[in-house]
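All remarks here apply to the structure that follows.
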Amino acid sequence: MLRGMIYMRIFLLLAVSLVASACGESANDSPPVPTLHRGLSSDPESIDPHKARSTQAAEVLRDIGEGLISYSATGTLVGGAAESWTISEDGLTYTFRIRDNARWSNGDPVTADDFVFSLRRLVDPATAAFYGQAVAAIANVDRIITGDAAPSELGVAAADGNTLVMTLQQPTPYLLSLLTHPSTFPVHAGSIAIHGNEFTRPENLLSNGPYLLEAWEPSSVLRLRRNEQYWNNAATAIDAVSYHVLTQEMTELNRFRAGEIDITSSIPPDSFARVREQYAEQVHIAPYLGVYYYGFNLTRPPFAGNAYLREALSMAIDRETLVEKVTGRGEAPAYSWVPPGVDNYNPIRFSYADLSQDERNAAARQLYREAGYSDDRPAEIELRYNTSDTQQRIALAVQAMWAEVLGVKTTLVNEEFQVMLANIREGEVTQVFRSSWIGDYNDAHTFLNILQSGNPANMPRFESERFDQLMRDAAAQVTPLNRRLYLEEAERVLLSEHPVIPLYFFVSKHLVGHRVRGWGDNVLDYHYSQHLSLATD
Amino acid sequence: MLRYALLRLLGAIPTLLLVIVLAFLMVHAAPGGPFDDERVLPPEIEANIAAAYQLDQPLPQQFLQYISGLLRGDLGPSYRYRDLTVSDLIGSAFPLSLKLGAMAMLLAMLVGVGVGTFAALRQNSLLDRALMTLAMTGIAIPVFVLAPVLVLLLAVHLHWLPAGWSGTTGGGRFILPVVSLALPQIAHIARLTRASMIDVLASDFVRTARAQGLGTRTIVRLHALKPAMLPVLSYMGPAIAAILTGSVVVEEIFGIPGLGQHFVRGALNRDYTLVLGIVVFYATLVILLNLIVDLLYGVIDPRIRQR
């Protein structure tokens, strides 16, 4: 009891002083600047463009940095730090002319040397960049990443202060779109020399984009302020942007409804119908370059060498019902691997895509029997997904469809995300697993590439000599049309082998408040704050 | 006294070491690693990252490195926040969690004891029944239901208070989280106080006090409150534990960058150093607090000093 008394006194003393300090926390005395409030579904892991990885980090980075190439408000490729560029006839040499008036936030000019330094830093093994291989198209990247060549051997050179010459390993028609990715943004060499790892602290960070990082409270908010030195500063309308880290979709929605957030990063599935009714014209649903799929473990029974069973399972899923009744946020049913809306590409569809679901079911039953299964001898499979409401609902629906159409006995296994990833990776216990892929750039290559044999993201471990050959052939093409034909043929081969079941294509889902102007939906879901403005009401 | 304190501190070292070893083994035993993702990394890149974070070395060596860093007061870099160190994160998160918890506890004590006493004095009246029913409901409703309802009502519909944390300033943003955290405890404490106050009020010494002609108010303040607080005091431990665990949920719902949120996310992201850092931090805190309390014992009770 004595102990309790002492605890109590210490505690009361502490509590009272803390309450006093909290109440003394006065509201910020800086004058209110018109601020755009954006929701962010998780913290950026870094705002060093070379150490960032997530789409959330990329979203913030697109406001505070700028690469050679950028997207316009209407979604077309335009010069960013580069004002113009030329491409050699063989498609192997790109020459960029950097703007004379491109500036860092301390007034230093942005030069070709900055890009040389930054791209070398990106591929330097010592940097340990997640996206080191994103620029694999540039000469010597492979050998530099493995440490077999020095970063100085990278195929980029500064011909003069404003001219950057990039030499490629092979023609890469999507290079310009790739160069909008934040991993290719420049960093300020002098600032890294002075501050080392701490160069990204708000007080140290030099930016070459439309905004500066003013403050970052982890798990809470990133505050951005206009960069007066930015070459196109005159076109920036909004003075300040706050990214609020809101991991719970429901919290984000509540804050939007309370008028505290202008743009949400998502819309919670449970409230979707109600939100759509209430905020009709503020709801923005648009196709997004991402595919949700179930993969097969192709190295083990029952799926190794069992294409009939795989195809039967793929056909038996009623994707229309799935997107209407289960996911219900405007997703598109997937009958191809590459999503529609990719530039310069026509996705190939499953051969069964034009059949009705009843016809598909009949064909699926046929295949199922040919694979040696029947009602007396049903296939018993395990379906793995990471623990979450959405994943569970989808898995339950698929389980029911497989049982109804084929009589398959499916055991659902839910695992924590990291555990599931570890299991998929080992490839021992997994049979069917849930995954998804989001395109890194607007080209079919970002989707098809991952299913090449040996690609680490090839989770089903799909191996097809013909598919690989077609991908290699596509890479060797200089004319876009030929390349496209090879890629389309590759997808046709891929779909006929059924290593994966694409279920649906993602959509981007945002609530965009009344006062936001200049919002444009696009397949990459890029929304640069510099293109937006706020109406005064 | 000083000798006693030093001895106690030395005695705490093996405890702390054991905690660190166990925590270290457990975080590393969890399947998956900090850099696993659906976007699987190319093996070369993965090797480079593992090398940068010394994850490519054998576990015993990683452990020694961690301990040697710890001795220099370095909790290491966070794996999830590549720009920040674990010390940065704890340094910014702990004061916030402490403030939140302390405010909730204080509110729970003040209101809980007040309501409990009030009800006890009007035992079995309609008001008493109403208050206790309310308290029962408060105990039954979990924080993760209560908090969103409060937000919906007070922030979304009435616009009295901010719905979230980030981007708001001033004391107002503390109100909803603190209230959500405190309400179940208020209910508990009110019921405890009421029951024990009724007991105390029926005891002989209170009757004596009444016989002396003291008013109810004076009796409660001078004589009854202290003994009636005993059960409440022993409830403090569980209450602090409940507020600590509750704060994880409340921090998540309101988006408050506190320690609880970092701990949970750290575990899910396999941010080894962050999880370890928070465990070490909490362990040290508990050990120090116990030491301080025992030292104060000595101040109050001379028998302990002489031992």
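By convention in this document, the chains of the structure tokens carry letters A, B, ... by their order, each chain's residues are numbered from 1, and ligands are numbered from 1 in the order they are shown.
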Under the rule of at most 8 Å, produce a per-residue listing of chain B near chain A: chain, number, name, the closest pair of atoms, and the distance in Å, as CSV, using only C-alpha atoms.
residue,atom,partner,partner_atom,distance
B:Ala30,CA,A:Val419,CA,7.8
B:Pro31,CA,A:Val419,CA,5.1
B:Gly32,CA,A:Ala422,CA,5.0
B:Gly33,CA,A:Gln418,CA,7.2
B:Asp36,CA,A:Gln418,CA,6.9
B:Asp37,CA,A:Leu421,CA,7.1
B:Glu38,CA,A:Ser435,CA,7.0
B:Arg39,CA,A:Ala457,CA,6.2
B:Val40,CA,A:Ala457,CA,4.9
B:Leu41,CA,A:Pro456,CA,6.4
B:Pro42,CA,A:Pro456,CA,5.5
B:Pro43,CA,A:Pro456,CA,7.1
B:Glu44,CA,A:Thr146,CA,5.8
B:Ile45,CA,A:Phe130,CA,6.6
B:Glu46,CA,A:Phe130,CA,7.9
B:Asn48,CA,A:Ala128,CA,5.1
B:Ile49,CA,A:Ala128,CA,4.7
B:Ala52,CA,A:Ala128,CA,6.4
B:Arg80,CA,A:Glu45,CA,5.7
B:Tyr81,CA,A:Glu45,CA,4.6
B:Arg82,CA,A:Ser46,CA,5.4
B:Asp83,CA,A:Ser46,CA,5.5
B:Leu89,CA,A:Pro218,CA,7.6
B:Lys99,CA,A:Leu18,CA,5.7
B:Ala102,CA,A:Ala15,CA,4.8
B:Met103,CA,A:Val19,CA,6.0
B:Met105,CA,A:Ala15,CA,7.8
B:Leu106,CA,A:Ala15,CA,6.3
B:Val151,CA,A:Asn254,CA,7.6
B:Leu152,CA,A:Asn254,CA,7.1
B:Ala155,CA,A:Ala258,CA,6.2
B:Val156,CA,A:Ala258,CA,4.5
B:His157,CA,A:Ala258,CA,7.5
B:His159,CA,A:Ala258,CA,6.7
B:Pro162,CA,A:Ala258,CA,7.7
B:Ala163,CA,A:Arg255,CA,5.5
B:Gly164,CA,A:Arg255,CA,6.5
B:Trp165,CA,A:Ser220,CA,7.4
B:Ser166,CA,A:Ser220,CA,5.2
B:Gly167,CA,A:Val221,CA,6.7
B:Thr169,CA,A:Ala27,CA,5.0
B:Gly170,CA,A:Ala27,CA,4.4
B:Gly171,CA,A:Cys23,CA,5.0
B:Leu230,CA,A:Met1,CA,7.7
B:Leu233,CA,A:Gly4,CA,6.0
B:Ser234,CA,A:Gly4,CA,6.6
B:Met236,CA,A:Gly4,CA,7.8
B:Glu252,CA,A:Gln248,CA,7.5
B:Ile253,CA,A:Thr251,CA,6.3
B:Phe254,CA,A:Thr251,CA,6.9
B:Gly255,CA,A:Leu246,CA,6.1
B:Ile256,CA,A:Ser220,CA,6.5
B:Pro257,CA,A:Ser219,CA,5.0
B:Leu268,CA,A:Gln418,CA,7.6
B:Asn269,CA,A:Gln418,CA,7.7
B:Val293,CA,A:Ile6,CA,6.7
B:Leu296,CA,A:Ile6,CA,7.6
B:Tyr297,CA,A:Arg3,CA,7.4
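For A:Ser529, the non-local neighbours within 9 Å, defined as residues at least 3 positions apart in the same chain or in other chains and counting only C-alpha atoms, are Leu36, Arg62, Asp63, Pro210, Tyr211, Thr236, Ala237, Ile238, Val241, Leu532 and Ser533 of chain A.
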Which polymer residues have any atom within 6 Å of an atom of stretch 182-193 of chain B, counting only C-alpha atoms, with same-chain residues fewer than 6 positions away left out, as a VMD selection string?
chain B and resid 104 108 112 to 113 115 to 116 135 138 to 139
Run DSSP on the backbone of this structure and report the residues of stretch 59-298 of chain B it assigns to alpha helix (DSSP H), as number ranges by chain.
B: 59-71, 86-121, 126-140, 143-150, 172-201, 204-211, 216-218, 225-228, 230-254, 259-269, 272-298
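For A:Thr111, the residues within 10 Å (counting only C-alpha atoms, excluding itself and residues fewer than 6 positions away along the chain) are Ala81, Ala82, Arg97, Ile98, Arg99, Asp100, Ala102, Arg103, Trp104, Ala158, Asp160, Gly161, Asn162, Thr163, Leu164 and Pro186 of chain A.
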Spatial neighbours of A:Asp525, max dist 12 Å, only C-alpha atoms, sep filter under 5 positions, as a PyMOL selection string:
chain A and resi 55-56+58-59+62+71+73-75+265-266+284-290+438-442+506-510+519-520
Identify, on the basis of only C-alpha atoms, every residue whose closest approach to A:Arg483 does not exceed 12 Å; exclude the query and any residue fewer than 3 positions from it along the same chain; express the result as a count of residues only.
25
As JSON, numbers by chain, please: every residue in stretch 38-88 of chain A that DSSP puts in strand (DSSP E or B).
{"A": [38, 39, 40, 69, 70, 71, 77, 78, 79, 82, 83, 84, 85, 86, 87]}
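Distance check against B:Leu9 using only C-alpha atoms: of B:Leu201, B:Ile287, B:Leu96, B:Val149, the minimum falls on B:Ile287.
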Provide the atom CA of A:Ser336 to atom CA of A:Tyr504 distance in Å, to one decimal place.
9.2 Å
